[in-house]
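Visitor: Below is a structure I'd like to ask you about.
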2 protein chains.
Amino acid sequence: MLNLLKANERSIMKIEILKPVLVSNQERAKENRKFFDKSNSLVLNIIGSPGSGKTSVIEQIIKKLKDDYSILVIEGDIKGSIDSERLRKLKIDTIQINTLTECHLDAFMTAQVLPKIKRPYELVLIENVGNLVCPAEFEIGEDYKIAILSTPEGDDKPLKYPLLFHLAKVVIINKIDLLPHLDFSLKKVKKNILSKNPRAVIFEVSAKTQQGFDKLIEFLKKELDKKKIK
Amino acid sequence: MLNLLKANERSIMKIEILKPVLVSNQERAKENRKFFDKSNSLVLNIIGSPGSGKTSVIEQIIKKLKDDYSILVIEGDIKGSIDSERLRKLKIDTIQINTLTECHLDAFMTAQVLPKIKRPYELVLIENVGNLVCPAEFEIGEDYKIAILSTPEGDDKPLKYPLLFHLAKVVIINKIDLLPHLDFSLKKVKKNILSKNPRAVIFEVSAKTQQGFDKLIEFLKKELDKKKIK
């Protein structure tokens with residue numbers, strides 16, 4: 001078995017460029033953070049695989065919070081605006097970012113939408129590009145990352161894509177309505193998540209049946225109310 | 001709505017570096033191709049989201065072909081060797097590549113395993129890192145790419161991640177056993193795939209129930225036999 005180190009031509013080129021890029025990204029993320037702090041916004045960077053149900057979970061959160069809190073959604077997609085069109089039907093403000101060739105949002109892309117934000121929002125939900133790998137590497141000005149993992153993806157995913165699960169404060173396990181049809185163990189997945197991040201807060205939901213959202217909404221309300229006290 | 005062009009600091013840096021990197025990658029991919037051509041291997045670059053069932057589909061292909069063809073699996077994972085350990089139980093040769101921080105295989109990483117290949121194989125299955133985006137950008141020396149899309153991911157994914165579906169000669173729709181429990185239309189997904197690639201060859205399978213594999217195996221046998229004639 002081979003463990004390849006980064007001693008190949010392309011990786012060397014990438015290392016040279018990636019370090020200043022990441023430092024520079026982090027600086028820009030701090031500036032974004034200052035922008036959101038002016039209005040005490042709770043900013044969540046929502047990351048998961050394609051089809052893990054990021055948009056469906058966001059829809060449920062919006063439905064349950066929009067009467068009590070002002071909400072903005074920033075939608076990151078490579079192309080198109082399928083998701084933001086879906087969310088706009090819920091009568092909340094959305095901003096679409098098309099990343100074109102990029103497989104993640106970064107702080108600079110996020111910075112470019114800030115001038116479009118004309119009023120304060122209590123809750124800013126940023127749906128990242130569907131990808132378990134790269135989005136985790138780039139801070140964009142969020143309070144924290146929320147990882148969404150759906151049951152059909154398998155209970156081993158926190159071990160195979162450890163960075164996101166190490167960094168995410170909250171992990172939402174979605175599509176629990178499919179559990180009877182899958183070889184997926186909630187016990188195993190929780191053990192795997194906690195092995196990467198012992199302090200992760202884990203919720204089990206089904207955006208389809210709406211099961212499990214009460215606890216998540218209660219948690220988010222507490223987080224939003226903490227911001228109000230500040 | 002905002003469509004962000006690549007006019008930010010990071011993207012400019014990335015454009016400058018990415019062009020020579022991709023050209024250089026393509027050159028290296030051609031060298032890898034020459035290596036595999038020496039033994040007339042059919043080399044398939046298998047790409048799909050985390051949890052789409054890449055390893056499970058590969059398992060089924062191996063079970064159905066290993067008595068008649070020599071098979072090597074090259075496993076690309078960020079960390080660990082969960083999948084290659086699973087496949088080794090089928091008593092075939094596997095080589096593990098750990099990409100560490102990279103979210104895809106490239107031609108240089110692939111090149112590094114070639115000296116470890118000590119005999120000719122008729123079929124080389126390369127399981128790329130679980131990601132619908134970046135792996136599509138990098139040729140690694142394959143005959144062609146196979147995209148795996150699982151039904152829980154949703155029938156809109158070919159529209160949201162178009163490059164892979166544009167490039168893949170074969171698209172495998174996996175987990176069709178879950179169709180009764182999902183809002184997923186086979187008709188829609190096929191229309192979406194064909195809108196990106198009118199010549200895509202599409203198979204519908206369930207690695208769990210083994211449904212649909214006969215047609216896929218028949219197709220692969222024809223492809224393998226074409227190589228023999230060469």
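Residue names in the structure tokens use chain letters A, B, ... in the order shown, residue numbers from 1 in each chain, and ligand numbers from 1 in the order shown.
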Give me the residues near Ile229 (chain B) as a PyMOL selection string, where near means some atom within 12 Å (using only C-alpha atoms) and where sequence neighbours in that chain fewer than 5 positions away do not count.
Guide: chain B and resi 40-41+222-224
Visitor: Tell me, as a VMD selection string, which residues lie within 12 Å of Lys34 (chain B), counting only C-alpha atoms; anything in the same chain fewer than 3 positions away does not count.
Guide: chain B and resid 27 to 31 37 to 41 43 111 114 140 to 143
Visitor: According to DSSP computed on the backbone, where in chain A is there strand (DSSP E or B)? Give the residues as number ranges by chain.
Guide: A: 42-48, 71-77, 93-98, 123-127, 144-150, 170-174, 201-204
Visitor: Would you mind listing what lies within 12 Å of Thr94 (chain B) as an NGL selection string, with only C-alpha atoms counted and same-chain residues fewer than 3 positions away left out?
Guide: (:A and (1-2)) or (:B and (58 or 62 or 70-76 or 81-91 or 97 or 113 or 116-117 or 121 or 124-127))
Visitor: Can I get the selected residues back with C-alpha atoms, as a compact mmCIF listing (two decimals), in the first residue's frame?
Guide:
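Here's the written file part.txt:
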```
# COMPACT_ATOMS: atom_id res chain seq x y z
CA MET A 1 0.00 0.00 0.00
CA LEU A 2 1.20 3.44 -0.92
CA ILE B 58 -17.02 -1.79 -7.98
CA ILE B 62 -15.44 -7.45 -9.57
CA SER B 70 -7.60 -9.86 -14.51
CA ILE B 71 -8.56 -6.83 -12.42
CA LEU B 72 -6.65 -4.14 -10.52
CA VAL B 73 -8.34 -1.51 -8.34
CA ILE B 74 -6.62 1.78 -7.57
CA GLU B 75 -8.35 3.41 -4.62
CA GLY B 76 -8.20 7.19 -4.17
CA SER B 81 -7.89 2.56 3.39
CA ILE B 82 -11.43 1.48 4.39
CA ASP B 83 -12.43 0.82 0.76
CA SER B 84 -9.32 -1.02 -0.40
CA GLU B 85 -9.55 -3.27 2.67
CA ARG B 86 -13.15 -4.02 1.70
CA LEU B 87 -12.12 -4.86 -1.86
CA ARG B 88 -9.11 -6.92 -0.88
CA LYS B 89 -11.54 -9.41 0.66
CA LEU B 90 -12.57 -10.24 -2.92
CA LYS B 91 -9.00 -11.43 -3.50
CA ILE B 97 -3.52 6.37 -2.93
CA VAL B 113 1.65 4.10 -8.48
CA LYS B 116 4.02 -0.74 -8.37
CA ILE B 117 2.05 -2.42 -11.16
CA TYR B 121 -4.33 -6.26 -16.03
CA VAL B 124 -8.13 -1.24 -14.11
CA LEU B 125 -10.83 0.36 -11.97
CA ILE B 126 -9.75 3.66 -10.44
CA GLU B 127 -12.04 4.86 -7.66
```
Visitor: From a backbone DSSP assignment, name each residue in region 40-229 of chain B labelled helix (DSSP H, G or I), as a tab-separated table (two decimals) with N, CA and C atoms, in the first residue's frame.
Guide:
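And here is the file that came out, selection05.tsv:
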```tsv
chain	number	residue	atom	x	y	z
B	54	LYS	N	-19.81	4.11	-4.95
B	54	LYS	CA	-18.73	3.75	-5.88
B	54	LYS	C	-18.13	2.39	-5.51
B	55	THR	N	-17.76	2.22	-4.25
B	55	THR	CA	-17.12	0.97	-3.85
B	55	THR	C	-18.07	-0.21	-3.99
B	56	SER	N	-19.34	-0.01	-3.65
B	56	SER	CA	-20.31	-1.11	-3.75
B	56	SER	C	-20.52	-1.52	-5.20
B	57	VAL	N	-20.56	-0.55	-6.12
B	57	VAL	CA	-20.71	-0.88	-7.54
B	57	VAL	C	-19.46	-1.61	-8.02
B	58	ILE	N	-18.28	-1.13	-7.60
B	58	ILE	CA	-17.02	-1.79	-7.98
B	58	ILE	C	-17.01	-3.24	-7.47
B	59	GLU	N	-17.48	-3.44	-6.25
B	59	GLU	CA	-17.56	-4.80	-5.68
B	59	GLU	C	-18.37	-5.72	-6.58
B	60	GLN	N	-19.52	-5.24	-7.04
B	60	GLN	CA	-20.38	-6.06	-7.89
B	60	GLN	C	-19.71	-6.36	-9.22
B	61	ILE	N	-19.06	-5.34	-9.80
B	61	ILE	CA	-18.37	-5.54	-11.08
B	61	ILE	C	-17.27	-6.60	-10.91
B	62	ILE	N	-16.52	-6.48	-9.82
B	62	ILE	CA	-15.44	-7.45	-9.57
B	62	ILE	C	-16.01	-8.87	-9.46
B	63	LYS	N	-17.06	-9.01	-8.63
B	63	LYS	CA	-17.63	-10.35	-8.43
B	63	LYS	C	-18.04	-10.98	-9.75
B	64	LYS	N	-18.56	-10.15	-10.65
B	64	LYS	CA	-19.11	-10.69	-11.91
B	64	LYS	C	-18.05	-10.85	-12.99
B	65	LEU	N	-16.89	-10.23	-12.83
B	65	LEU	CA	-15.88	-10.29	-13.90
B	65	LEU	C	-14.58	-10.99	-13.51
B	82	ILE	N	-10.21	2.24	4.11
B	82	ILE	CA	-11.43	1.48	4.39
B	82	ILE	C	-11.88	0.73	3.13
B	83	ASP	N	-11.90	1.43	1.98
B	83	ASP	CA	-12.43	0.82	0.76
B	83	ASP	C	-11.51	-0.25	0.20
B	84	SER	N	-10.19	-0.01	0.20
B	84	SER	CA	-9.32	-1.02	-0.40
B	84	SER	C	-9.27	-2.26	0.49
B	85	GLU	N	-9.46	-2.08	1.80
B	85	GLU	CA	-9.55	-3.27	2.67
B	85	GLU	C	-10.80	-4.09	2.35
B	86	ARG	N	-11.90	-3.35	2.11
B	86	ARG	CA	-13.15	-4.02	1.70
B	86	ARG	C	-12.95	-4.82	0.43
B	87	LEU	N	-12.26	-4.21	-0.56
B	87	LEU	CA	-12.12	-4.86	-1.86
B	87	LEU	C	-11.12	-6.00	-1.83
B	88	ARG	N	-10.13	-5.86	-0.94
B	88	ARG	CA	-9.11	-6.92	-0.88
B	88	ARG	C	-9.71	-8.26	-0.45
B	107	ALA	N	-3.05	13.29	-12.55
B	107	ALA	CA	-2.21	12.38	-13.32
B	107	ALA	C	-0.88	12.10	-12.62
B	108	PHE	N	-0.39	13.05	-11.83
B	108	PHE	CA	0.90	12.85	-11.16
B	108	PHE	C	0.79	11.85	-10.01
B	109	MET	N	-0.28	11.97	-9.25
B	109	MET	CA	-0.50	10.99	-8.17
B	109	MET	C	-0.63	9.60	-8.77
B	110	THR	N	-1.38	9.51	-9.87
B	110	THR	CA	-1.59	8.23	-10.52
B	110	THR	C	-0.26	7.68	-11.05
B	111	ALA	N	0.56	8.58	-11.60
B	111	ALA	CA	1.86	8.16	-12.15
B	111	ALA	C	2.72	7.49	-11.09
B	112	GLN	N	2.58	7.97	-9.86
B	112	GLN	CA	3.44	7.43	-8.80
B	112	GLN	C	3.14	5.98	-8.45
B	113	VAL	N	1.95	5.51	-8.79
B	113	VAL	CA	1.65	4.10	-8.48
B	113	VAL	C	2.03	3.18	-9.63
B	114	LEU	N	2.30	3.71	-10.80
B	114	LEU	CA	2.56	2.83	-11.95
B	114	LEU	C	3.73	1.87	-11.72
B	115	PRO	N	4.85	2.33	-11.10
B	115	PRO	CA	5.95	1.38	-10.89
B	115	PRO	C	5.58	0.20	-9.99
B	116	LYS	N	4.47	0.35	-9.25
B	116	LYS	CA	4.02	-0.74	-8.37
B	116	LYS	C	3.21	-1.79	-9.13
B	134	CYS	N	-14.35	18.41	-8.51
B	134	CYS	CA	-12.95	18.52	-8.93
B	134	CYS	C	-12.41	17.31	-9.71
B	135	PRO	N	-12.74	16.08	-9.34
B	135	PRO	CA	-12.13	14.95	-10.07
B	135	PRO	C	-12.39	15.02	-11.57
B	136	ALA	N	-13.52	15.62	-11.97
B	136	ALA	CA	-13.85	15.70	-13.40
B	136	ALA	C	-12.83	16.53	-14.17
B	137	GLU	N	-12.14	17.45	-13.48
B	137	GLU	CA	-11.23	18.37	-14.18
B	137	GLU	C	-9.89	17.73	-14.56
B	151	THR	N	-29.70	7.59	-6.25
B	151	THR	CA	-31.02	8.22	-6.28
B	151	THR	C	-31.27	9.19	-5.11
B	152	PRO	N	-30.77	8.92	-3.88
B	152	PRO	CA	-31.07	9.89	-2.81
B	152	PRO	C	-30.46	11.27	-3.06
B	153	GLU	N	-29.48	11.36	-3.97
B	153	GLU	CA	-28.86	12.66	-4.24
B	153	GLU	C	-29.78	13.61	-5.00
B	157	LYS	N	-29.10	16.72	-10.04
B	157	LYS	CA	-27.64	16.87	-9.90
B	157	LYS	C	-26.89	17.05	-11.22
B	158	PRO	N	-27.29	16.40	-12.33
B	158	PRO	CA	-26.57	16.66	-13.58
B	158	PRO	C	-26.60	18.14	-14.00
B	159	LEU	N	-27.66	18.86	-13.60
B	159	LEU	CA	-27.73	20.28	-13.94
B	159	LEU	C	-26.85	21.12	-13.03
B	160	LYS	N	-26.69	20.66	-11.78
B	160	LYS	CA	-25.92	21.45	-10.82
B	160	LYS	C	-24.42	21.16	-10.87
B	162	PRO	N	-22.49	20.06	-13.86
B	162	PRO	CA	-22.57	19.65	-15.27
B	162	PRO	C	-21.29	19.07	-15.86
B	163	LEU	N	-20.12	19.51	-15.39
B	163	LEU	CA	-18.89	19.09	-16.07
B	163	LEU	C	-18.74	17.57	-16.10
B	164	LEU	N	-18.92	16.93	-14.94
B	164	LEU	CA	-18.77	15.47	-14.87
B	164	LEU	C	-19.73	14.79	-15.84
B	165	PHE	N	-20.99	15.23	-15.83
B	165	PHE	CA	-21.98	14.55	-16.67
B	165	PHE	C	-21.75	14.85	-18.15
B	166	HIS	N	-21.14	15.99	-18.43
B	166	HIS	CA	-20.76	16.30	-19.81
B	166	HIS	C	-19.64	15.37	-20.28
B	167	LEU	N	-18.71	15.05	-19.38
B	167	LEU	CA	-17.52	14.30	-19.78
B	167	LEU	C	-17.68	12.78	-19.69
B	176	ILE	N	-31.34	2.17	-6.97
B	176	ILE	CA	-32.71	2.24	-7.48
B	176	ILE	C	-33.68	1.47	-6.58
B	177	ASP	N	-33.15	0.65	-5.65
B	177	ASP	CA	-34.03	-0.01	-4.68
B	177	ASP	C	-34.72	1.00	-3.77
B	178	LEU	N	-34.14	2.21	-3.66
B	178	LEU	CA	-34.74	3.22	-2.77
B	178	LEU	C	-35.81	4.07	-3.45
B	179	LEU	N	-36.00	3.87	-4.76
B	179	LEU	CA	-36.93	4.73	-5.51
B	179	LEU	C	-38.32	4.86	-4.87
B	180	PRO	N	-38.91	3.75	-4.34
B	180	PRO	CA	-40.26	3.91	-3.76
B	180	PRO	C	-40.29	4.89	-2.58
B	181	HIS	N	-39.13	5.17	-1.97
B	181	HIS	CA	-39.11	6.02	-0.78
B	181	HIS	C	-38.65	7.45	-1.07
B	186	LEU	N	-36.72	8.89	-12.61
B	186	LEU	CA	-35.74	8.35	-13.56
B	186	LEU	C	-35.84	9.07	-14.90
B	187	LYS	N	-37.05	9.42	-15.29
B	187	LYS	CA	-37.26	10.12	-16.55
B	187	LYS	C	-36.55	11.48	-16.52
B	188	LYS	N	-36.75	12.20	-15.42
B	188	LYS	CA	-36.13	13.53	-15.29
B	188	LYS	C	-34.62	13.43	-15.28
B	189	VAL	N	-34.09	12.47	-14.50
B	189	VAL	CA	-32.63	12.41	-14.37
B	189	VAL	C	-32.00	12.08	-15.72
B	190	LYS	N	-32.65	11.19	-16.48
B	190	LYS	CA	-32.11	10.84	-17.79
B	190	LYS	C	-32.14	12.05	-18.72
B	191	LYS	N	-33.23	12.78	-18.68
B	191	LYS	CA	-33.35	14.00	-19.50
B	191	LYS	C	-32.22	14.98	-19.11
B	192	ASN	N	-32.00	15.12	-17.82
B	192	ASN	CA	-30.96	16.04	-17.34
B	192	ASN	C	-29.56	15.58	-17.76
B	193	ILE	N	-29.31	14.27	-17.67
B	193	ILE	CA	-27.99	13.74	-18.08
B	193	ILE	C	-27.80	13.97	-19.58
B	194	LEU	N	-28.81	13.62	-20.36
B	194	LEU	CA	-28.69	13.71	-21.82
B	194	LEU	C	-28.61	15.16	-22.30
B	195	SER	N	-29.15	16.08	-21.50
B	195	SER	CA	-29.03	17.50	-21.88
B	195	SER	C	-27.58	17.96	-21.78
B	196	LYS	N	-26.80	17.31	-20.93
B	196	LYS	CA	-25.37	17.65	-20.79
B	196	LYS	C	-24.51	16.81	-21.71
B	213	PHE	N	-27.48	-5.12	-12.93
B	213	PHE	CA	-26.05	-5.29	-13.25
B	213	PHE	C	-25.80	-6.08	-14.53
B	214	ASP	N	-26.78	-6.89	-14.94
B	214	ASP	CA	-26.55	-7.71	-16.14
B	214	ASP	C	-26.20	-6.86	-17.35
B	215	LYS	N	-26.97	-5.80	-17.57
B	215	LYS	CA	-26.72	-4.93	-18.72
B	215	LYS	C	-25.37	-4.23	-18.62
B	216	LEU	N	-25.04	-3.77	-17.41
B	216	LEU	CA	-23.76	-3.09	-17.21
B	216	LEU	C	-22.60	-4.06	-17.48
B	217	ILE	N	-22.72	-5.28	-16.98
B	217	ILE	CA	-21.64	-6.26	-17.14
B	217	ILE	C	-21.49	-6.64	-18.62
B	218	GLU	N	-22.62	-6.79	-19.28
B	218	GLU	CA	-22.60	-7.09	-20.72
B	218	GLU	C	-21.86	-5.98	-21.48
B	219	PHE	N	-22.17	-4.73	-21.14
B	219	PHE	CA	-21.50	-3.58	-21.76
B	219	PHE	C	-19.99	-3.64	-21.50
B	220	LEU	N	-19.61	-3.88	-20.23
B	220	LEU	CA	-18.18	-3.88	-19.88
B	220	LEU	C	-17.44	-5.02	-20.58
B	221	LYS	N	-18.11	-6.17	-20.70
B	221	LYS	CA	-17.48	-7.32	-21.38
B	221	LYS	C	-17.19	-6.96	-22.84
B	222	LYS	N	-18.13	-6.29	-23.48
B	222	LYS	CA	-17.91	-5.87	-24.87
B	222	LYS	C	-16.72	-4.92	-24.96
B	223	GLU	N	-16.64	-3.98	-24.00
B	223	GLU	CA	-15.53	-3.02	-23.99
B	223	GLU	C	-14.19	-3.75	-23.79
B	224	LEU	N	-14.21	-4.75	-22.89
B	224	LEU	CA	-12.98	-5.52	-22.60
B	224	LEU	C	-12.59	-6.35	-23.82
B	225	ASP	N	-13.59	-6.89	-24.50
B	225	ASP	CA	-13.28	-7.73	-25.65
B	225	ASP	C	-12.75	-6.90	-26.82
B	226	LYS	N	-13.23	-5.66	-26.96
B	226	LYS	CA	-12.67	-4.76	-27.98
B	226	LYS	C	-11.17	-4.58	-27.76
B	227	LYS	N	-10.78	-4.46	-26.51
B	227	LYS	CA	-9.36	-4.28	-26.18
B	227	LYS	C	-8.55	-5.51	-26.57
B	228	LYS	N	-9.16	-6.69	-26.37
B	228	LYS	CA	-8.46	-7.94	-26.70
B	228	LYS	C	-8.15	-8.00	-28.19
B	229	ILE	N	-9.11	-7.56	-29.00
B	229	ILE	CA	-8.95	-7.60	-30.46
B	229	ILE	C	-7.80	-6.71	-30.89
```
Visitor: For a quick check of understanding, using only C-alpha atoms, which of B:Asp67, B:Glu204, B:Glu139, B:Asp183 has the smallest distance to chain A?
Guide: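 Looking only at the distances to chain A, the closest residue turns out to be B:Asp183.
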Visitor: Which of these, A:Asn128, A:Asn98, A:Arg33, A:Asn45, has the shortest distance to chain B once you count only C-alpha atoms?
Guide: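 Of the candidates, the smallest distance to chain B is held by A:Asn98.
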